[in-house]
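Undergrad: My structure is stored as data16.cif, with mmCIF, C-alpha atoms.
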```cif
data_data
loop_
_atom_site.label_atom_id
_atom_site.label_comp_id
_atom_site.auth_asym_id
_atom_site.auth_seq_id
_atom_site.Cartn_x
_atom_site.Cartn_y
_atom_site.Cartn_z
CA MET S 1 131.16 96.15 108.35
CA LEU S 2 130.77 92.62 106.99
CA LEU S 3 127.55 93.55 105.19
CA SER S 4 129.23 96.62 103.71
CA PHE S 5 132.18 94.55 102.49
CA VAL S 6 129.96 91.88 100.90
CA LEU S 7 127.81 94.50 99.19
CA PHE S 8 130.91 96.32 97.94
CA VAL S 9 132.32 93.11 96.44
CA LEU S 10 129.02 92.16 94.76
CA HIS S 11 128.57 95.65 93.32
CA ALA S 12 132.21 96.27 92.40
CA PRO S 13 131.58 96.04 88.61
CA LEU S 14 128.82 98.66 88.92
CA LEU S 15 130.50 101.30 91.07
CA ARG S 16 132.02 103.33 88.23
CA LEU S 17 128.93 103.43 86.03
CA PRO S 18 127.70 106.92 85.11
CA TYR S 19 124.55 108.20 86.76
CA PHE S 20 121.25 106.84 85.46
CA TRP S 21 117.85 108.48 84.92
CA ASP S 22 116.58 110.09 88.18
CA GLU S 23 120.09 110.06 89.59
CA ALA S 24 121.35 112.38 86.87
CA GLY S 25 118.05 114.21 86.49
CA TYR S 26 117.51 115.28 90.09
CA TYR S 27 119.15 113.60 93.09
CA VAL S 28 122.82 114.05 92.18
CA PRO S 29 122.37 117.67 90.99
CA ALA S 30 120.39 118.46 94.17
CA ALA S 31 123.10 116.96 96.38
CA ARG S 32 125.83 118.75 94.43
CA ASP S 33 124.02 122.07 94.83
CA LEU S 34 124.03 121.44 98.57
CA LEU S 35 127.75 120.67 98.44
CA LEU S 36 128.65 123.79 96.45
CA THR S 37 126.22 126.36 97.82
CA GLY S 38 124.98 124.97 101.13
CA SER S 39 121.41 125.37 99.88
CA LEU S 40 118.86 122.72 100.84
CA ILE S 41 116.77 123.81 97.86
CA PRO S 42 118.17 122.63 94.49
CA ARG S 43 119.22 125.38 92.09
CA SER S 44 120.31 123.39 89.04
CA ALA S 45 116.98 121.53 88.83
CA PRO S 46 113.39 122.47 89.72
CA SER S 47 112.76 121.46 93.32
CA ASN S 48 110.64 118.35 93.89
CA ALA S 49 110.37 119.14 97.63
CA HIS S 50 111.95 115.84 98.65
CA PRO S 51 113.41 116.07 102.18
CA PRO S 52 117.17 116.67 102.17
CA LEU S 53 118.59 113.91 104.41
CA VAL S 54 119.99 111.64 101.68
CA MET S 55 121.26 114.57 99.62
CA ALA S 56 123.01 115.96 102.70
CA PHE S 57 124.62 112.57 103.33
CA LEU S 58 125.91 112.39 99.75
CA ALA S 59 127.21 115.95 99.93
CA ALA S 60 129.11 115.09 103.11
CA CYS S 61 130.63 112.01 101.46
CA TRP S 62 131.70 114.05 98.43
CA LYS S 63 133.23 116.64 100.75
CA LEU S 64 135.37 113.93 102.32
CA ALA S 65 136.20 111.73 99.33
CA GLY S 66 135.55 113.76 96.19
CA PHE S 67 132.72 114.11 93.69
CA ALA S 68 132.71 110.88 91.66
CA PRO S 69 130.23 108.08 90.87
CA ILE S 70 132.28 105.53 92.83
CA VAL S 71 132.01 107.70 95.95
CA THR S 72 128.28 108.12 95.43
CA ARG S 73 127.65 104.42 94.92
CA THR S 74 129.85 103.40 97.84
CA ALA S 75 127.93 105.81 100.07
CA MET S 76 124.64 104.31 98.93
CA LEU S 77 125.99 100.81 99.63
CA ALA S 78 126.62 101.90 103.21
CA ILE S 79 122.95 102.87 103.43
CA ALA S 80 121.97 99.51 101.92
CA ALA S 81 124.09 97.72 104.53
CA LEU S 82 122.27 99.62 107.29
CA CYS S 83 119.00 98.60 105.63
CA LEU S 84 119.94 94.90 105.50
CA LEU S 85 121.08 95.00 109.12
CA GLY S 86 117.69 96.47 109.96
CA VAL S 87 115.96 93.62 108.11
CA PHE S 88 118.06 91.08 110.00
CA ARG S 89 117.43 92.62 113.42
CA LEU S 90 113.73 93.01 112.72
CA ALA S 91 113.33 89.39 111.57
CA GLU S 92 115.44 88.14 114.47
CA ARG S 93 113.24 90.08 116.89
CA ILE S 94 109.99 88.57 115.65
CA SER S 95 111.22 85.09 114.69
CA ASN S 96 114.71 83.61 115.05
CA THR S 97 118.24 83.86 113.69
CA GLN S 98 117.71 81.23 110.97
CA VAL S 99 114.71 83.06 109.55
CA ALA S 100 116.50 86.40 109.91
CA LEU S 101 119.53 85.21 107.96
CA ALA S 102 117.44 83.65 105.18
CA ALA S 103 115.17 86.70 104.91
CA THR S 104 118.17 89.03 104.78
CA LEU S 105 119.76 87.00 101.98
CA CYS S 106 116.50 86.99 100.04
CA THR S 107 116.16 90.74 100.48
CA ALA S 108 119.76 91.39 99.42
CA LEU S 109 119.38 89.38 96.20
CA TYR S 110 115.86 90.48 95.35
CA PRO S 111 116.53 92.29 92.04
CA VAL S 112 114.90 95.59 92.95
CA PHE S 113 116.77 95.79 96.25
CA PHE S 114 120.07 94.67 94.76
CA VAL S 115 120.07 97.26 91.99
CA GLN S 116 118.80 100.10 94.18
CA SER S 117 121.57 99.38 96.69
CA SER S 118 124.08 101.39 94.66
CA LEU S 119 121.80 103.94 92.97
CA ALA S 120 121.49 107.46 94.35
CA HIS S 121 117.77 107.37 95.14
CA LEU S 122 115.89 108.05 98.37
CA ASP S 123 113.95 104.81 98.78
CA MET S 124 116.75 102.65 100.21
CA ALA S 125 117.40 105.06 103.07
CA ALA S 126 113.68 105.43 103.76
CA ALA S 127 113.31 101.64 103.86
CA GLY S 128 116.29 101.04 106.13
CA LEU S 129 115.29 103.68 108.66
CA THR S 130 111.73 102.33 108.57
CA PHE S 131 112.93 98.82 109.49
CA TRP S 132 114.85 100.16 112.48
CA GLY S 133 111.75 102.11 113.46
CA LEU S 134 109.60 98.99 113.23
CA ARG S 135 112.04 97.08 115.44
CA SER S 136 111.89 99.82 118.07
CA TYR S 137 108.10 99.87 117.76
CA LEU S 138 107.84 96.13 118.40
CA GLU S 139 110.05 96.57 121.47
CA ASN S 140 107.70 99.34 122.69
CA ARG S 141 110.47 101.93 122.73
CA GLY S 142 108.41 104.99 121.95
CA THR S 143 111.19 107.58 121.82
CA GLN S 144 113.43 105.44 119.62
CA THR S 145 110.48 104.66 117.37
CA ALA S 146 109.76 108.36 116.89
CA PHE S 147 113.45 109.02 116.21
CA TRP S 148 113.83 106.37 113.49
CA PHE S 149 110.53 107.17 111.80
CA SER S 150 111.40 110.89 111.85
CA LEU S 151 114.69 110.17 110.08
CA ALA S 152 112.83 107.98 107.59
CA ALA S 153 110.41 110.82 106.83
CA LEU S 154 113.37 113.17 106.30
CA ALA S 155 114.85 110.63 103.89
CA LYS S 156 111.64 110.46 101.84
CA GLU S 157 108.26 111.95 102.60
CA THR S 158 106.31 108.76 101.82
CA ALA S 159 107.98 107.05 104.81
CA ILE S 160 105.43 108.88 106.96
CA LEU S 161 102.98 106.18 105.84
CA THR S 162 104.42 103.61 108.25
CA PRO S 163 103.85 105.41 111.57
CA LEU S 164 100.46 106.65 110.39
CA ALA S 165 99.44 103.12 109.38
CA LEU S 166 100.56 101.73 112.74
CA LEU S 167 98.65 104.44 114.59
CA ALA S 168 95.53 103.81 112.51
CA TRP S 169 95.79 100.09 113.26
CA GLU S 170 96.16 100.78 117.00
CA VAL S 171 92.94 102.81 116.87
CA LEU S 172 91.01 100.33 114.73
CA CYS S 173 92.17 97.06 116.24
CA PRO S 174 90.26 97.20 119.57
CA TRP S 175 87.01 97.70 117.66
CA LEU S 176 87.34 94.43 115.77
CA ARG S 177 85.16 91.70 117.14
CA SER S 178 87.09 88.67 118.23
CA LYS S 179 86.83 86.02 120.90
CA ASN S 180 90.27 87.11 122.01
CA PRO S 181 90.72 90.71 120.83
CA GLU S 182 93.98 91.13 122.72
CA SER S 183 95.59 88.63 120.35
CA LEU S 184 94.95 90.99 117.43
CA CYS S 185 96.30 94.16 119.02
CA LEU S 186 99.99 94.67 119.60
CA TYR S 187 99.39 97.42 122.15
CA PRO S 188 96.27 98.72 123.92
CA ARG S 189 94.71 101.78 122.35
CA SER S 190 95.39 103.77 125.52
CA SER S 191 99.14 103.19 125.25
CA TRP S 192 101.03 106.34 126.21
CA SER S 193 103.45 105.86 123.33
CA SER S 194 100.81 105.91 120.59
CA PRO S 195 100.90 109.72 120.11
CA LEU S 196 104.65 109.46 119.54
CA LEU S 197 103.83 107.93 116.16
CA LEU S 198 102.74 111.42 115.12
CA VAL S 199 106.11 112.96 116.02
CA PRO S 200 107.63 112.27 112.55
CA MET S 201 105.09 114.68 111.09
CA ILE S 202 106.81 117.54 112.94
CA PRO S 203 110.20 117.51 111.15
CA LEU S 204 108.48 116.73 107.86
CA GLY S 205 106.11 119.66 108.41
CA ILE S 206 109.03 121.95 109.26
CA TRP S 207 110.74 120.92 106.03
CA TYR S 208 107.66 121.65 103.94
CA ALA S 209 107.22 125.01 105.69
CA TYR S 210 110.84 125.88 104.90
CA HIS S 211 110.36 124.77 101.32
CA TYR S 212 107.25 126.95 100.98
CA VAL S 213 109.02 129.99 102.38
CA SER S 214 111.98 129.42 100.04
CA THR S 215 110.11 128.58 96.83
CA GLY S 216 106.46 129.53 97.23
CA PHE S 217 105.42 125.89 96.74
CA VAL S 218 104.76 123.26 99.41
CA PHE S 219 104.96 119.97 97.50
CA GLY S 220 107.46 120.83 94.80
CA ASN S 221 107.29 122.72 91.54
CA PRO S 222 103.87 122.85 89.83
CA GLU S 223 104.82 120.39 87.07
CA PHE S 224 106.07 117.85 89.62
CA PHE S 225 102.86 118.17 91.65
CA ARG S 226 100.70 117.91 88.54
CA TYR S 227 102.46 114.76 87.32
CA ASN S 228 102.55 112.97 90.68
CA VAL S 229 99.21 114.01 92.19
CA GLU S 230 96.78 115.88 89.96
CA THR S 231 97.01 113.56 86.95
CA THR S 232 96.91 110.36 89.03
CA LEU S 233 93.46 110.88 90.55
CA HIS S 234 91.55 109.04 87.82
CA PRO S 235 89.50 106.00 88.98
CA LEU S 236 90.67 103.65 86.23
CA ARG S 237 94.28 104.71 86.63
CA MET S 238 94.10 104.18 90.41
CA LEU S 239 92.58 100.71 89.95
CA LEU S 240 95.28 99.63 87.50
CA ALA S 241 97.98 101.12 89.72
CA LEU S 242 96.50 99.30 92.72
CA LEU S 243 96.80 95.97 90.91
CA LEU S 244 100.36 96.77 89.90
CA ARG S 245 101.31 97.80 93.44
CA PHE S 246 99.88 94.54 94.78
CA TRP S 247 101.91 92.63 92.20
CA GLN S 248 105.05 94.53 93.18
CA ALA S 249 104.45 93.67 96.83
CA VAL S 250 104.02 89.91 96.38
CA GLY S 251 105.12 88.78 92.91
CA TYR S 252 107.34 91.14 90.94
CA LEU S 253 110.61 89.83 89.46
CA ASN S 254 110.24 86.25 90.71
CA LEU S 255 109.01 87.23 94.17
CA TYR S 256 105.89 85.27 93.25
CA LEU S 257 107.87 82.04 93.72
CA LEU S 258 108.38 82.84 97.39
CA THR S 259 104.73 83.85 97.71
CA LEU S 260 103.52 80.62 96.09
CA ALA S 261 105.84 78.55 98.27
CA GLY S 262 104.52 80.30 101.35
CA LEU S 263 100.89 79.83 100.34
CA LEU S 264 101.43 76.12 99.65
CA ALA S 265 103.21 75.76 102.98
CA LEU S 266 100.09 77.02 104.75
CA TYR S 267 98.40 73.72 103.85
CA ARG S 268 100.99 71.79 105.85
CA ARG S 269 100.97 71.25 109.57
CA PRO S 270 103.65 73.05 111.58
CA VAL S 271 106.87 71.10 111.98
CA ARG S 272 107.49 69.60 115.40
CA ASP S 273 111.03 69.32 116.70
CA GLY S 274 112.68 68.83 120.08
CA ASN S 275 111.06 71.97 121.48
CA GLY S 276 107.59 71.14 120.21
CA GLU S 277 105.72 72.87 117.42
CA ARG S 278 107.71 75.58 115.68
CA PRO S 279 106.22 78.98 116.55
CA ARG S 280 104.87 81.46 114.04
CA ILE S 281 105.41 85.18 114.00
CA ALA S 282 102.91 86.57 116.51
CA LEU S 283 99.56 87.28 114.86
CA ASN S 284 99.45 90.85 116.15
CA VAL S 285 102.87 91.51 114.60
CA GLN S 286 101.73 90.08 111.26
CA LEU S 287 98.63 92.28 111.35
CA ALA S 288 100.73 95.35 112.10
CA PHE S 289 102.91 94.48 109.11
CA LEU S 290 99.79 93.99 107.01
CA ALA S 291 98.57 97.46 107.97
CA VAL S 292 101.83 98.97 106.75
CA ILE S 293 101.83 96.92 103.53
CA LEU S 294 98.23 97.88 102.72
CA ALA S 295 98.97 101.53 103.43
CA TYR S 296 101.79 101.49 100.90
CA VAL S 297 99.85 99.54 98.28
CA VAL S 298 96.90 101.94 98.45
CA ALA S 299 98.82 105.20 98.87
CA MET S 300 101.34 104.43 96.14
CA ALA S 301 98.46 103.57 93.80
CA VAL S 302 96.90 106.99 94.38
CA VAL S 303 99.99 109.22 94.13
CA GLY S 304 103.15 108.97 92.07
CA GLY S 305 103.13 109.46 88.33
CA ALA S 306 105.52 106.59 87.66
CA VAL S 307 104.50 103.31 89.33
CA LEU S 308 108.08 102.37 90.19
CA ALA S 309 108.88 99.23 92.16
CA ARG S 310 111.50 101.00 94.29
CA TYR S 311 108.71 102.94 95.99
CA MET S 312 107.69 99.63 97.60
CA LEU S 313 111.10 98.90 99.13
CA PRO S 314 109.89 99.67 102.68
CA VAL S 315 107.35 96.81 102.51
CA ALA S 316 108.74 94.14 100.16
CA PRO S 317 111.17 92.85 102.85
CA LEU S 318 108.25 92.58 105.29
CA VAL S 319 106.54 90.22 102.85
CA ILE S 320 109.78 88.28 102.50
CA ILE S 321 110.18 87.94 106.28
CA ILE S 322 106.63 86.62 106.70
CA TRP S 323 106.94 84.03 103.91
CA VAL S 324 110.39 82.83 105.00
CA SER S 325 109.08 82.39 108.54
CA THR S 326 106.12 80.43 107.17
CA LEU S 327 108.45 78.11 105.27
CA TRP S 328 110.65 77.61 108.34
CA ARG S 329 107.61 76.79 110.46
CA ARG S 330 105.80 74.41 108.12
CA VAL S 331 108.39 72.85 105.78
CA ARG S 332 111.03 70.61 107.30
CA ARG S 333 113.35 70.97 104.32
CA TRP S 334 112.79 74.70 104.02
CA ARG S 335 116.37 75.63 103.20
CA PRO S 336 116.32 74.10 99.66
CA VAL S 337 113.11 76.02 98.98
CA VAL S 338 114.76 79.28 100.03
CA ALA S 339 117.82 78.37 97.96
CA MET S 340 115.61 78.00 94.86
CA VAL S 341 114.06 81.39 95.56
CA LEU S 342 117.54 82.91 95.87
CA LEU S 343 118.50 81.35 92.53
CA ALA S 344 115.35 82.78 90.96
CA PHE S 345 116.25 86.24 92.27
CA VAL S 346 119.75 85.97 90.80
CA ILE S 347 118.26 84.92 87.46
CA GLY S 348 115.89 87.88 87.68
CA LEU S 349 118.89 90.19 87.84
CA PHE S 350 120.12 89.07 84.43
CA VAL S 351 117.01 87.79 82.60
CA ASN S 352 114.29 90.30 81.83
CA PRO S 353 110.73 89.26 82.75
CA PRO S 354 108.06 88.64 80.07
CA TYR S 355 106.10 91.71 81.20
CA GLY S 356 106.73 95.42 81.49
CA PHE S 357 109.39 96.53 83.95
CA SER S 358 111.69 99.47 84.63
CA PHE S 359 115.32 99.23 83.59
CA GLU S 360 116.32 100.27 87.11
CA ASP S 361 114.72 97.12 88.58
CA ASN S 362 117.41 94.71 87.39
CA LEU S 363 120.76 94.87 85.62
CA ALA S 364 119.09 96.04 82.42
CA TYR S 365 120.01 99.54 83.61
CA ARG S 366 123.69 98.59 83.33
CA ASP S 367 123.17 97.30 79.78
CA TYR S 368 121.33 100.51 78.91
CA ILE S 369 124.22 102.66 80.17
CA LEU S 370 126.84 100.57 78.36
CA LEU S 371 124.80 100.70 75.16
CA HIS S 372 124.77 104.49 75.24
CA GLN S 373 128.48 104.62 76.06
CA ARG S 374 129.27 102.44 73.05
CA ALA S 375 126.97 104.49 70.84
CA GLU S 376 128.73 107.66 71.98
CA GLU S 377 132.14 106.13 71.25
CA PHE S 378 130.93 105.05 67.80
CA VAL S 379 129.64 108.51 66.95
CA GLU S 380 132.81 110.19 68.19
CA ALA S 381 134.97 107.78 66.17
CA ARG S 382 132.98 108.04 62.92
CA TYR S 383 131.91 111.67 63.13
CA PRO S 384 134.58 113.57 65.07
#
```
What is this file in structure tokens?

TA:
Amino acid sequence: MLLSFVLFVLHAPLLRLPYFWDEAGYYVPAARDLLLTGSLIPRSAPSNAHPPLVMAFLAACWKLAGFAPIVTRTAMLAIAALCLLGVFRLAERISNTQVALAATLCTALYPVFFVQSSLAHLDMAAAGLTFWGLRSYLENRGTQTAFWFSLAALAKETAILTPLALLAWEVLCPWLRSKNPESLCLYPRSSWSSPLLLVPMIPLGIWYAYHYVSTGFVFGNPEFFRYNVETTLHPLRMLLALLLRFWQAVGYLNLYLLTLAGLLALYRRPVRDGNGERPRIALNVQLAFLAVILAYVVAMAVVGGAVLARYMLPVAPLVIIIWVSTLWRRVRRWRPVVAMVLLAFVIGLFVNPPYGFSFEDNLAYRDYILLHQRAEEFVEARYP
């Protein structure tokens, strides 16, 4: 509740803004079709075959509170609050409360996360459910892990990358040569819960089967598939997209300051306090995170016509958690460093970077909407 209230206050000036880009072009019409007709397949826009969980949630909120942008954005803020709570619980599980709080603040103010918190897209829900799934995975709760990852896949199909990456790492890890191979592997390859990582493919497969029966297409309308898959499979395009995805994971919109601070901190010895040397996040946990991050960087470089930063929301907070933990472990005055990173994120919300970016990645999207509103008012006043 506290997270929801804080997010609502911070986003209050944005809640009544009209819908922007993909919101108006697909997600809101698809959810409204579900509200009015009960159809999981959009009728007012060509279907992109995205799973219906988020659209169903929005339709339910509109049913209760009315169809209006403020209802939509408030509903998305509730999802963002669940996501931030997942970040906090995940970081607390693998490190400590101080790191968890700092990482959650950094995530909340990271420009891409902040802006997406109130936009009607799928990536925030997929990220939040993924974080809860990762927490259950680290606690070796196989059934809960399958449940959260299944919901994530029903929020957005690309969320299936996380359980598949974890399963691939479980298979590969024991084959790596190491003096102490157990330190690299979170769980033994023979773990009974490993096959449960494949469970999320079942509801996703059922959805695609239903979509095929209803439309004759598995992965969305032909134009959508051509733009997001067929035209992306060019070697040069994939290489450039790979570099951009790596940048989005570690440096985009002032995230590089946290990455540089973390890298510099690695040259320092761990801080010793009353309990001895401050512990790091377990190596096997970091490697599991790395497997997920690499899976997203590579997969999102291969598919997806637009190389949007919001597609990396399920992994950017993992990078933040690791670097904040590194600062806590190796820098005695780590809080001022985190404070400077937070300030840089706030600046990134208002000041556009000196390189290409999407309007939806900081508050430029608000300026864009207001510009068009003023232009519309001008035209209506001068040319009624």

Undergrad: How would you write, as a PyMOL selection string, the residues chosen by the PyMOL selection byres ((chain S and resi 159-175) around 7) on this structure?

TA: chain S and resi 126+149+152-153+156-158+176-177+181+184-185+187+189+194+197+200+288+291-292+295-296

Undergrad: Quick one: which residues end up in the PyMOL selection byres ((chain S and resi 261-276) around 7) for this structure, as an MDAnalysis selection string?

TA: chainID S and resid 257:260 277:278 323 326:327 329:332

Undergrad: Selection from above, C-alpha atoms, as a tab-separated table (two decimals), keeping the file's coordinate frame, can you write it?

TA:
```
chain	number	residue	atom	x	y	z
S	257	LEU	CA	107.87	82.04	93.72
S	258	LEU	CA	108.38	82.84	97.39
S	259	THR	CA	104.73	83.85	97.71
S	260	LEU	CA	103.52	80.62	96.09
S	277	GLU	CA	105.72	72.87	117.42
S	278	ARG	CA	107.71	75.58	115.68
S	323	TRP	CA	106.94	84.03	103.91
S	326	THR	CA	106.12	80.43	107.17
S	327	LEU	CA	108.45	78.11	105.27
S	329	ARG	CA	107.61	76.79	110.46
S	330	ARG	CA	105.80	74.41	108.12
S	331	VAL	CA	108.39	72.85	105.78
S	332	ARG	CA	111.03	70.61	107.30
```

Undergrad: If we count all atoms listed in the file and set the cut-off at 10 Å, which residues sit around Ala68 in chain S, ignoring sequence neighbours fewer than 2 positions away in its own chain? Please answer as a ChimeraX atom specification.

TA: /S:15-16,18-19,62,65-66,70-73

Undergrad: Report, in Å to a single decimal, how far apart CA of Gly220 in chain S and CA of Ala30 in chain S are.

TA: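 Answer for the CA of Ala30 in chain S to CA of Gly220 in chain S separation: 13.2 Å.
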
Undergrad: For CA of Leu294 in chain S and CA of Phe225 in chain S, quote the distance in Å rounded to one decimal.

TA: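 Going from CA of Leu294 in chain S over to CA of Phe225 in chain S, I get 23.6 Å.
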
Undergrad: Hey, what comes out of the PyMOL selection byres ((chain S and resi 42-55) around 6) on this file? Could you write it as a list in words?

TA: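 Selection result, ordered by chain and number: Ala30, Ala31, Asp33, Ile41, Ala56, Phe57, Leu58, Leu154, Ala155, Lys156, Phe219, Gly220 and Asn221 of chain S.
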
Undergrad: Take the residues from that selection and write them out as a compact mmCIF listing (two decimals), keeping the file's coordinate frame, keeping C-alpha atoms.

TA:
```txt
# COMPACT_ATOMS: atom_id res chain seq x y z
CA ALA S 30 120.39 118.46 94.17
CA ALA S 31 123.10 116.96 96.38
CA ASP S 33 124.02 122.07 94.83
CA ILE S 41 116.77 123.81 97.86
CA ALA S 56 123.01 115.96 102.70
CA PHE S 57 124.62 112.57 103.33
CA LEU S 58 125.91 112.39 99.75
CA LEU S 154 113.37 113.17 106.30
CA ALA S 155 114.85 110.63 103.89
CA LYS S 156 111.64 110.46 101.84
CA PHE S 219 104.96 119.97 97.50
CA GLY S 220 107.46 120.83 94.80
CA ASN S 221 107.29 122.72 91.54
```

Undergrad: Pull the neighbourhood of (101.5, 86.7, 116.9) for me: all residues within 12 Å in file coordinates, counting all atoms listed in the file, as a VMD selection string.

TA: chain S and resid 94 to 95 138 182 to 186 279 to 289 322

Undergrad: Report the distance between CA of Trp132 in chain S and CA of Leu253 in chain S in Å, rounded to one decimal place.

TA: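 Interatomic distance here is 25.6 Å.
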
Undergrad: Restricting the calculation to only C-alpha atoms, which member of S:Val199, S:Leu371, S:Leu36, S:Leu3 is positioned closest to Gln144 in chain S?

TA: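 Result for the nearest residue to Gln144 in chain S: S:Val199.
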